[in-house]
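Have a look at work.cif below; it lists mmCIF, C-alpha atoms.
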```cif
data_upload
loop_
_atom_site.group_PDB
_atom_site.id
_atom_site.type_symbol
_atom_site.label_atom_id
_atom_site.label_comp_id
_atom_site.auth_asym_id
_atom_site.auth_seq_id
_atom_site.Cartn_x
_atom_site.Cartn_y
_atom_site.Cartn_z
ATOM 1 C CA MET W 1 -3.090 -18.371 22.082
ATOM 2 C CA ALA W 2 -4.295 -14.837 21.456
ATOM 3 C CA LEU W 3 -7.973 -14.292 20.752
ATOM 4 C CA CYS W 4 -9.434 -11.608 18.578
ATOM 5 C CA ALA W 5 -12.891 -10.516 17.458
ATOM 6 C CA CYS W 6 -13.707 -11.609 13.929
ATOM 7 C CA THR W 7 -16.407 -9.226 12.788
ATOM 8 C CA ALA W 8 -18.527 -9.947 9.744
ATOM 9 C CA PRO W 9 -19.637 -6.775 7.935
ATOM 10 C CA SER W 10 -23.250 -5.959 8.769
ATOM 11 C CA PRO W 11 -25.309 -2.932 7.739
ATOM 12 C CA HIS W 12 -26.540 -0.512 10.355
ATOM 13 C CA VAL W 13 -30.269 -0.753 11.036
ATOM 14 C CA ALA W 14 -32.774 1.415 12.829
ATOM 15 C CA PRO W 15 -33.057 0.629 16.556
ATOM 16 C CA VAL W 16 -35.564 -2.091 17.434
ATOM 17 C CA ALA W 17 -37.345 -1.457 20.721
ATOM 18 C CA PRO W 18 -37.099 -4.523 22.982
ATOM 19 C CA GLU W 19 -40.789 -4.324 23.878
ATOM 20 C CA GLY W 20 -41.757 -6.585 26.743
ATOM 21 C CA ALA W 21 -38.193 -7.204 27.875
ATOM 22 C CA THR W 22 -37.927 -6.627 31.625
ATOM 23 C CA PRO W 23 -35.573 -7.541 34.465
ATOM 24 C CA VAL W 24 -37.556 -10.765 34.999
ATOM 25 C CA GLY W 25 -36.871 -11.869 31.442
ATOM 26 C CA PRO W 26 -38.234 -11.344 27.945
ATOM 27 C CA PHE W 27 -41.766 -12.441 28.871
ATOM 28 C CA ALA W 28 -45.228 -11.141 28.055
ATOM 29 C CA PRO W 29 -46.808 -9.123 30.911
ATOM 30 C CA GLU W 30 -49.237 -11.872 31.904
ATOM 31 C CA ALA W 31 -46.393 -14.438 32.092
ATOM 32 C CA ARG W 32 -43.831 -12.438 34.059
ATOM 33 C CA VAL W 33 -44.812 -13.473 37.575
ATOM 34 C CA LEU W 34 -44.998 -17.187 36.730
ATOM 35 C CA PHE W 35 -41.764 -17.262 34.680
ATOM 36 C CA GLU W 36 -39.708 -14.910 36.867
ATOM 37 C CA GLY W 37 -36.154 -16.244 37.168
ATOM 38 C CA CYS W 38 -36.499 -18.625 34.200
ATOM 39 C CA ILE W 39 -33.809 -18.633 31.520
ATOM 40 C CA PRO W 40 -35.181 -19.099 27.967
ATOM 41 C CA ILE W 41 -33.125 -21.313 25.660
ATOM 42 C CA PRO W 42 -34.225 -21.293 21.999
ATOM 43 C CA ASP W 43 -34.072 -24.855 20.693
ATOM 44 C CA SER W 44 -35.321 -23.906 17.240
ATOM 45 C CA ALA W 45 -37.648 -21.490 15.472
ATOM 46 C CA THR W 46 -40.597 -23.597 16.676
ATOM 47 C CA SER W 47 -39.473 -24.550 20.178
ATOM 48 C CA ARG W 48 -38.284 -23.142 23.495
ATOM 49 C CA LEU W 49 -36.775 -24.601 26.644
ATOM 50 C CA TYR W 50 -36.962 -22.790 29.982
ATOM 51 C CA ARG W 51 -34.644 -23.578 32.886
ATOM 52 C CA CYS W 52 -36.414 -22.514 36.069
ATOM 53 C CA GLY W 53 -34.272 -23.642 38.993
ATOM 54 C CA GLU W 54 -35.181 -27.224 39.857
ATOM 55 C CA VAL W 55 -37.620 -27.423 36.951
ATOM 56 C CA THR W 56 -36.999 -27.506 33.203
ATOM 57 C CA VAL W 57 -39.983 -27.032 30.887
ATOM 58 C CA TRP W 58 -40.162 -27.090 27.105
ATOM 59 C CA LEU W 59 -42.641 -26.136 24.399
ATOM 60 C CA VAL W 60 -42.684 -27.298 20.758
ATOM 61 C CA GLU W 61 -45.247 -26.196 18.165
ATOM 62 C CA ARG W 62 -45.704 -29.080 15.694
ATOM 63 C CA LYS W 63 -47.528 -28.969 12.364
ATOM 64 C CA ASP W 64 -49.313 -31.984 10.846
ATOM 65 C CA VAL W 65 -48.257 -34.323 13.648
ATOM 66 C CA PRO W 66 -50.937 -36.362 15.532
ATOM 67 C CA ALA W 67 -51.053 -36.303 19.317
ATOM 68 C CA GLU W 68 -49.782 -39.895 19.601
ATOM 69 C CA ARG W 69 -46.690 -39.038 17.563
ATOM 70 C CA VAL W 70 -46.108 -35.866 19.615
ATOM 71 C CA LEU W 71 -46.055 -37.897 22.825
ATOM 72 C CA ALA W 72 -43.707 -40.423 21.239
ATOM 73 C CA LEU W 73 -41.289 -37.640 20.293
ATOM 74 C CA ALA W 74 -41.520 -36.159 23.794
ATOM 75 C CA ARG W 75 -40.851 -39.553 25.349
ATOM 76 C CA ALA W 76 -37.794 -40.059 23.127
ATOM 77 C CA ARG W 77 -36.488 -36.681 24.290
ATOM 78 C CA VAL W 78 -36.846 -37.682 27.940
ATOM 79 C CA VAL W 79 -35.157 -41.054 27.396
ATOM 80 C CA GLU W 80 -32.274 -39.360 25.581
ATOM 81 C CA ARG W 81 -31.772 -36.985 28.491
ATOM 82 C CA LEU W 82 -32.430 -39.256 31.486
ATOM 83 C CA GLY W 83 -31.580 -42.718 30.158
ATOM 84 C CA GLU W 84 -33.348 -45.961 29.344
ATOM 85 C CA GLN W 85 -34.288 -46.538 32.994
ATOM 86 C CA VAL W 86 -37.063 -43.941 32.762
ATOM 87 C CA VAL W 87 -40.515 -45.405 33.530
ATOM 88 C CA VAL W 88 -43.362 -43.785 31.571
ATOM 89 C CA ALA W 89 -47.101 -44.284 32.206
ATOM 90 C CA GLY W 90 -49.785 -42.975 29.846
ATOM 91 C CA GLY W 91 -52.866 -41.047 30.897
ATOM 92 C CA GLU W 92 -54.482 -37.629 30.597
ATOM 93 C CA LEU W 93 -54.012 -34.169 32.089
ATOM 94 C CA PRO W 94 -56.742 -31.550 32.590
ATOM 95 C CA LEU W 95 -55.450 -28.253 31.181
ATOM 96 C CA ALA W 96 -57.129 -25.128 29.826
ATOM 97 C CA GLY W 97 -60.619 -26.448 30.526
ATOM 98 C CA ARG W 98 -60.354 -29.985 29.093
ATOM 99 C CA SER W 99 -58.330 -33.202 29.202
ATOM 100 C CA TRP W 100 -55.426 -33.968 26.884
ATOM 101 C CA PRO W 101 -53.378 -37.123 26.150
ATOM 102 C CA ALA W 102 -50.399 -37.132 28.492
ATOM 103 C CA ALA W 103 -47.788 -39.239 30.252
ATOM 104 C CA ARG W 104 -46.160 -39.255 33.681
ATOM 105 C CA PHE W 105 -42.533 -40.336 33.971
ATOM 106 C CA ALA W 106 -39.901 -40.874 36.639
ATOM 107 C CA VAL W 107 -36.408 -42.292 36.979
ATOM 108 C CA CYS W 108 -35.898 -43.922 40.370
ATOM 109 C CA GLU W 109 -33.524 -46.308 42.094
ATOM 110 C CA ALA W 110 -35.077 -49.709 42.795
ATOM 111 C CA GLY W 111 -38.543 -48.207 42.323
ATOM 112 C CA GLU W 112 -38.487 -46.282 45.605
ATOM 113 C CA ALA W 113 -39.980 -42.800 45.291
ATOM 114 C CA ARG W 114 -37.540 -41.335 47.819
ATOM 115 C CA ALA W 115 -34.615 -42.320 45.615
ATOM 116 C CA CYS W 116 -35.927 -40.748 42.413
ATOM 117 C CA ARG W 117 -33.491 -38.686 40.388
ATOM 118 C CA ALA W 118 -36.142 -36.863 38.345
ATOM 119 C CA GLY W 119 -39.761 -36.995 37.251
ATOM 120 C CA GLY W 120 -42.307 -35.021 35.308
ATOM 121 C CA TYR W 121 -45.030 -34.881 32.697
ATOM 122 C CA LEU W 122 -45.515 -34.890 28.929
ATOM 123 C CA VAL W 123 -48.667 -33.702 27.176
ATOM 124 C CA SER W 124 -49.951 -32.915 23.678
ATOM 125 C CA VAL W 125 -52.398 -30.007 23.416
ATOM 126 C CA ALA W 126 -54.300 -28.957 20.291
ATOM 127 C CA ALA W 127 -53.388 -25.401 19.245
ATOM 128 C CA GLU W 128 -54.396 -22.992 16.486
ATOM 129 C CA SER W 129 -54.206 -23.830 12.776
ATOM 130 C CA GLY W 130 -54.274 -27.573 13.341
ATOM 131 C CA ARG W 131 -51.036 -27.653 15.316
ATOM 132 C CA GLN W 132 -50.181 -29.849 18.266
ATOM 133 C CA ARG W 133 -48.386 -28.198 21.166
ATOM 134 C CA GLU W 134 -45.853 -30.543 22.773
ATOM 135 C CA LEU W 135 -45.253 -29.715 26.437
ATOM 136 C CA GLY W 136 -42.709 -31.415 28.664
ATOM 137 C CA CYS W 137 -41.428 -30.765 32.157
ATOM 138 C CA VAL W 138 -38.690 -32.348 34.285
ATOM 139 C CA ALA W 139 -38.500 -31.797 38.052
ATOM 140 C CA ARG W 140 -35.266 -32.743 39.788
ATOM 141 C CA GLY W 141 -35.809 -35.274 42.544
ATOM 142 C CA ASN W 142 -39.403 -35.918 41.442
ATOM 143 C CA GLY W 143 -40.547 -33.817 44.397
ATOM 144 C CA ALA W 144 -44.122 -32.603 44.859
ATOM 145 C CA PRO W 145 -43.253 -28.846 44.729
ATOM 146 C CA GLY W 146 -41.429 -29.239 41.415
ATOM 147 C CA LEU W 147 -44.195 -31.353 39.909
ATOM 148 C CA ALA W 148 -46.792 -28.821 41.021
ATOM 149 C CA ARG W 149 -44.790 -26.073 39.350
ATOM 150 C CA CYS W 150 -44.694 -28.173 36.157
ATOM 151 C CA LEU W 151 -48.483 -28.188 36.101
ATOM 152 C CA GLU W 152 -48.603 -24.419 36.676
ATOM 153 C CA PHE W 153 -46.352 -23.907 33.660
ATOM 154 C CA PHE W 154 -48.433 -26.352 31.613
ATOM 155 C CA GLU W 155 -51.663 -24.497 32.381
ATOM 156 C CA TYR W 156 -50.202 -21.267 31.015
ATOM 157 C CA LEU W 157 -48.528 -22.864 27.996
ATOM 158 C CA ALA W 158 -51.632 -24.861 27.066
ATOM 159 C CA SER W 159 -53.763 -21.718 27.170
ATOM 160 C CA HIS W 160 -51.378 -19.103 25.774
ATOM 161 C CA GLY W 161 -48.420 -20.798 24.083
ATOM 162 C CA ASN W 162 -45.036 -19.037 24.069
ATOM 163 C CA PRO W 163 -44.692 -16.928 27.268
ATOM 164 C CA GLU W 164 -42.441 -14.518 25.376
ATOM 165 C CA GLY W 165 -45.445 -13.576 23.250
ATOM 166 C CA ASP W 166 -43.801 -14.378 19.912
ATOM 167 C CA VAL W 167 -45.163 -16.800 17.338
ATOM 168 C CA LEU W 168 -43.084 -19.977 17.226
ATOM 169 C CA ASP W 169 -42.821 -20.395 13.478
ATOM 170 C CA VAL W 170 -40.048 -20.071 10.918
ATOM 171 C CA ALA W 171 -42.153 -17.366 9.260
ATOM 172 C CA GLY W 172 -42.114 -15.427 12.552
ATOM 173 C CA LEU W 173 -38.319 -15.009 12.696
ATOM 174 C CA LEU W 174 -37.030 -11.451 12.556
ATOM 175 C CA LEU W 175 -34.578 -11.527 9.638
ATOM 176 C CA PRO W 176 -31.838 -10.610 9.484
ATOM 177 C CA PRO W 177 -31.317 -11.259 13.204
ATOM 178 C CA ARG W 178 -30.469 -8.075 15.022
ATOM 179 C CA LEU W 179 -29.556 -6.373 18.208
ATOM 180 C CA PRO W 180 -31.477 -3.132 18.794
ATOM 181 C CA TRP W 181 -28.558 -1.131 17.354
ATOM 182 C CA ARG W 182 -27.227 -3.329 14.513
ATOM 183 C CA SER W 183 -28.073 -6.314 12.358
ATOM 184 C CA LEU W 184 -26.261 -9.648 12.713
ATOM 185 C CA ALA W 185 -24.837 -11.894 10.011
ATOM 186 C CA VAL W 186 -25.776 -15.576 9.679
ATOM 187 C CA PRO W 187 -22.665 -17.385 8.353
ATOM 188 C CA ASP W 188 -22.955 -20.099 5.721
ATOM 189 C CA GLY W 189 -24.006 -23.378 7.281
ATOM 190 C CA CYS W 190 -25.670 -21.686 10.277
ATOM 191 C CA GLN W 191 -29.355 -21.104 11.043
ATOM 192 C CA PRO W 192 -31.242 -18.728 13.352
ATOM 193 C CA ALA W 193 -32.979 -20.859 15.990
ATOM 194 C CA ALA W 194 -34.720 -17.763 17.335
ATOM 195 C CA SER W 195 -34.801 -14.116 16.348
ATOM 196 C CA THR W 196 -36.987 -11.437 17.930
ATOM 197 C CA SER W 197 -36.489 -7.820 18.949
ATOM 198 C CA ARG W 198 -35.494 -9.060 22.426
ATOM 199 C CA ALA W 199 -33.616 -12.341 22.057
ATOM 200 C CA GLY W 200 -32.137 -14.793 19.597
ATOM 201 C CA ARG W 201 -29.844 -17.685 18.850
ATOM 202 C CA ILE W 202 -27.774 -18.518 15.782
ATOM 203 C CA ARG W 203 -26.777 -22.192 15.651
ATOM 204 C CA CYS W 204 -23.991 -23.739 13.584
ATOM 205 C CA GLU W 205 -22.694 -27.286 13.487
ATOM 206 C CA ASP W 206 -19.902 -26.534 15.946
ATOM 207 C CA ALA W 207 -20.717 -23.060 17.358
ATOM 208 C CA SER W 208 -23.597 -20.892 18.531
ATOM 209 C CA PHE W 209 -24.331 -17.314 19.563
ATOM 210 C CA VAL W 210 -27.146 -16.461 22.010
ATOM 211 C CA TRP W 211 -28.356 -13.046 23.197
ATOM 212 C CA SER W 212 -31.086 -11.355 25.248
ATOM 213 C CA VAL W 213 -31.862 -7.665 25.712
ATOM 214 C CA TYR W 214 -33.887 -6.296 28.609
ATOM 215 C CA ARG W 215 -34.788 -2.991 30.242
ATOM 216 C CA PRO W 216 -34.634 -1.151 32.524
ATOM 217 C CA ALA W 217 -31.015 -2.065 33.211
ATOM 218 C CA ARG W 218 -30.228 -2.713 36.872
ATOM 219 C CA ALA W 219 -26.767 -3.759 38.032
ATOM 220 C CA GLU W 220 -27.947 -6.522 40.372
ATOM 221 C CA VAL W 221 -30.225 -7.985 37.690
ATOM 222 C CA THR W 222 -27.507 -7.893 35.022
ATOM 223 C CA GLU W 223 -25.051 -9.690 37.305
ATOM 224 C CA ARG W 224 -27.685 -12.262 38.268
ATOM 225 C CA TRP W 225 -28.524 -12.952 34.617
ATOM 226 C CA ARG W 226 -24.850 -13.420 33.774
ATOM 227 C CA ASP W 227 -24.163 -15.760 36.692
ATOM 228 C CA GLN W 228 -27.401 -17.709 36.313
ATOM 229 C CA GLY W 229 -26.824 -18.003 32.575
ATOM 230 C CA VAL W 230 -23.373 -19.507 33.162
ATOM 231 C CA SER W 231 -24.802 -21.924 35.718
ATOM 232 C CA GLU W 232 -27.511 -23.116 33.340
ATOM 233 C CA LEU W 233 -25.085 -23.475 30.435
ATOM 234 C CA ARG W 234 -22.664 -25.539 32.519
ATOM 235 C CA GLU W 235 -25.479 -27.768 33.723
ATOM 236 C CA ALA W 236 -26.495 -28.423 30.131
ATOM 237 C CA LEU W 237 -22.902 -29.456 29.312
ATOM 238 C CA PRO W 238 -21.914 -32.431 31.517
ATOM 239 C CA GLY W 239 -18.273 -32.454 32.533
ATOM 240 C CA ALA W 240 -17.844 -28.683 32.209
ATOM 241 C CA GLY W 241 -14.702 -27.328 33.845
ATOM 242 C CA PRO W 242 -14.328 -24.459 36.328
ATOM 243 C CA VAL W 243 -15.456 -20.952 35.416
ATOM 244 C CA GLU W 244 -12.773 -18.321 34.820
ATOM 245 C CA GLU W 245 -13.448 -14.580 34.960
ATOM 246 C CA VAL W 246 -11.749 -12.624 32.172
ATOM 247 C CA ALA W 247 -11.603 -8.928 31.319
ATOM 248 C CA CYS W 248 -13.278 -8.495 27.945
ATOM 249 C CA ARG W 249 -15.291 -6.192 25.741
ATOM 250 C CA LEU W 250 -18.884 -6.955 24.805
ATOM 251 C CA GLU W 251 -20.253 -4.854 21.960
ATOM 252 C CA GLN W 252 -17.150 -2.676 22.414
ATOM 253 C CA LEU W 253 -18.073 -1.936 26.052
ATOM 254 C CA PRO W 254 -15.759 -2.961 28.940
ATOM 255 C CA ALA W 255 -17.103 -6.043 30.739
ATOM 256 C CA ARG W 256 -16.141 -9.022 32.911
ATOM 257 C CA CYS W 257 -16.714 -12.197 30.913
ATOM 258 C CA LEU W 258 -17.042 -15.699 32.322
ATOM 259 C CA ARG W 259 -15.398 -18.511 30.392
ATOM 260 C CA PHE W 260 -15.327 -22.293 30.758
ATOM 261 C CA THR W 261 -14.560 -25.414 28.726
ATOM 262 C CA ALA W 262 -16.712 -28.535 28.366
ATOM 263 C CA PRO W 263 -16.146 -31.849 26.574
ATOM 264 C CA SER W 264 -18.109 -32.680 23.425
ATOM 265 C CA ALA W 265 -18.127 -35.443 20.819
ATOM 266 C CA ARG W 266 -16.053 -33.230 18.510
ATOM 267 C CA GLY W 267 -13.548 -32.004 21.090
ATOM 268 C CA PRO W 268 -13.387 -29.398 23.873
ATOM 269 C CA LEU W 269 -16.028 -26.670 23.640
ATOM 270 C CA VAL W 270 -15.172 -23.146 24.843
ATOM 271 C CA VAL W 271 -18.048 -21.014 26.130
ATOM 272 C CA TRP W 272 -17.878 -17.255 26.726
ATOM 273 C CA VAL W 273 -20.618 -15.413 28.634
ATOM 274 C CA GLY W 274 -20.955 -11.693 29.275
ATOM 275 C CA ALA W 275 -23.387 -8.930 30.134
ATOM 276 C CA VAL W 276 -23.179 -5.147 29.735
ATOM 277 C CA GLU W 277 -25.362 -2.123 30.461
ATOM 278 C CA TRP W 278 -25.801 1.181 28.740
ATOM 279 C CA LYS W 279 -28.475 3.852 29.110
ATOM 280 C CA ASP W 280 -31.709 2.038 30.027
ATOM 281 C CA ARG W 281 -30.863 -1.356 28.521
ATOM 282 C CA ALA W 282 -28.724 -4.397 29.220
ATOM 283 C CA LEU W 283 -27.427 -7.173 26.998
ATOM 284 C CA PHE W 284 -26.702 -10.788 27.963
ATOM 285 C CA ALA W 285 -24.771 -12.831 25.390
ATOM 286 C CA SER W 286 -22.914 -16.113 25.111
ATOM 287 C CA CYS W 287 -20.786 -17.652 22.386
ATOM 288 C CA GLY W 288 -19.682 -21.287 22.310
ATOM 289 C CA PHE W 289 -17.301 -22.915 19.834
ATOM 290 C CA LEU W 290 -14.803 -25.743 19.492
ATOM 291 C CA ALA W 291 -11.419 -25.055 21.078
ATOM 292 C CA LYS W 292 -9.664 -26.395 17.980
ATOM 293 C CA SER W 293 -11.315 -23.730 15.800
ATOM 294 C CA ALA W 294 -9.201 -21.061 14.125
ATOM 295 C CA PRO W 295 -7.739 -18.446 16.517
ATOM 296 C CA GLY W 296 -10.233 -15.837 17.653
ATOM 297 C CA PHE W 297 -13.991 -15.928 17.904
ATOM 298 C CA PRO W 298 -15.869 -17.551 15.007
ATOM 299 C CA ALA W 299 -17.923 -15.484 12.582
ATOM 300 C CA VAL W 300 -21.198 -16.585 14.206
ATOM 301 C CA CYS W 301 -20.276 -14.497 17.274
ATOM 302 C CA ASN W 302 -20.581 -11.422 15.027
ATOM 303 C CA GLY W 303 -17.700 -9.609 16.710
ATOM 304 C CA ALA W 304 -19.733 -9.178 19.922
ATOM 305 C CA PHE W 305 -16.886 -10.493 22.110
ATOM 306 C CA SER W 306 -13.298 -9.236 22.072
ATOM 307 C CA LEU W 307 -10.388 -8.846 24.450
ATOM 308 C CA PRO W 308 -9.349 -5.399 25.760
#
```
Just dump the structure as structure tokens.
Amino acid sequence: MALCACTAPSPHVAPVAPEGATPVGPFAPEARVLFEGCIPIPDSATSRLYRCGEVTVWLVERKDVPAERVLALARARVVERLGEQVVVAGGELPLAGRSWPAARFAVCEAGEARACRAGGYLVSVAAESGRQRELGCVARGNGAPGLARCLEFFEYLASHGNPEGDVLDVAGLLLPPRLPWRSLAVPDGCQPAASTSRAGRIRCEDASFVWSVYRPARAEVTERWRDQGVSELREALPGAGPVEEVACRLEQLPARCLRFTAPSARGPLVVWVGAVEWKDRALFASCGFLAKSAPGFPAVCNGAFSLP
């Protein structure tokens, strides 16, 4: 079945400088060393998830939600991901100069620590304007190095919030979403989960488009971001098939895209990933959609991907 780029008309906009975007990711200067190698995944306008090798950490800014409710929501998220066998124990964690309500969790075989599949922490921290900051972290294997890294991430997030430096609030979205050289359309029924001058995600019921811009462009960094991005996406989609390399065009520039298929409740999901460089910048992008969709890329992909 032939694929084509389905481009929604979008007005040209003045370039937006991707300030703060570097080869280690779109992080604020003070966060770059700690978050080097982490892949940001925008959950929503008020939340982020970061995949950092053996550790996954998330941050949610919640309004008008008490700490007890925040921990309950965080616990439900862990149970959904790891299963009902998760054991959770309440307590406190000292972060940013004081103690906060928290929980420690683990999922182990027969209760033996050496057979643990994963473990981590949950905590609710008071933030500005009466918000509660939900923090969660999962370390594969429940090992001491991963758990220690969780606490390092928590210390930063409790003190500073979003390591990308942007306000996590619907009012803080850059609208319309845009790449530095053009604006992007948000199709009916879709919502921007994130939108800054450096990164964004448009989510629909059965498709999504994700992008990141960084500079200065370096070939080895661009390739690493593409390959690591594919790895993280496949891990988040259990049962994903093998990765196929395909000649493609990304933003009309020749590229080598990676493509794979994963099962979902609504049918096979096709995911395209690519990265390109030009001048002093580089773009990483991915587009996922149901295989049974109409031929070509869906409108949410904004014509970014096409075949030569």
At most 12 Å is the cut-off: for each residue in segment 39-154 of chain W with any atom that close to an atom of segment 210-219 of chain W, write down the nearest atom pair and the distance in Å rounded to one decimal, counting only C-alpha atoms, chain first then increasing number, as JSON lines.
```
{"residue": "W:Ile39", "atom": "CA", "partner": "W:Ser212", "partner_atom": "CA", "distance": 10.0}
{"residue": "W:Pro40", "atom": "CA", "partner": "W:Ser212", "partner_atom": "CA", "distance": 9.2}
{"residue": "W:Ile41", "atom": "CA", "partner": "W:Val210", "partner_atom": "CA", "distance": 8.5}
{"residue": "W:Pro42", "atom": "CA", "partner": "W:Val210", "partner_atom": "CA", "distance": 8.6}
{"residue": "W:Asp43", "atom": "CA", "partner": "W:Val210", "partner_atom": "CA", "distance": 11.0}
```
| request: Tell me, as a PyMOL selection string, which residues lie within 10 Å of Ala240 of chain W, counting all atoms listed in the file; anything in the same chain fewer than 4 positions away does not count. | output: chain W and resi 233-236+260-264+268-271
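When all atoms listed in the file are used to measure the gap to Gly200 of chain W, the shortest distance among W:Val276, W:Leu237, W:Val65, W:Leu283 belongs to W:Leu283.
Put simply, atom CA of Arg75 of chain W is 19.1 Å away from atom CA of Gly146 of chain W.
Neighbours of Glu84 of chain W closer than or equal to 12 Å, with all atoms listed in the file counted and sequence neighbours fewer than 2 positions away skipped, come out as Arg75, Ala76, Arg77, Val78, Val79, Glu80, Arg81, Leu82, Val86, Val87, Val88, Phe105, Ala106, Val107 and Cys108 of chain W.
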| task | For the structure provided, state which residues fall under the PyMOL selection byres ((chain W and resi 258) around 12), and present them as an MDAnalysis selection string. | result | chainID W and resid 223 226:231 233:234 241:250 255:257 259:261 270:275 284:288 305
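Reported to one decimal place, the separation of atom CA of Pro29 of chain W from atom CA of Ser129 of chain W is 24.5 Å.
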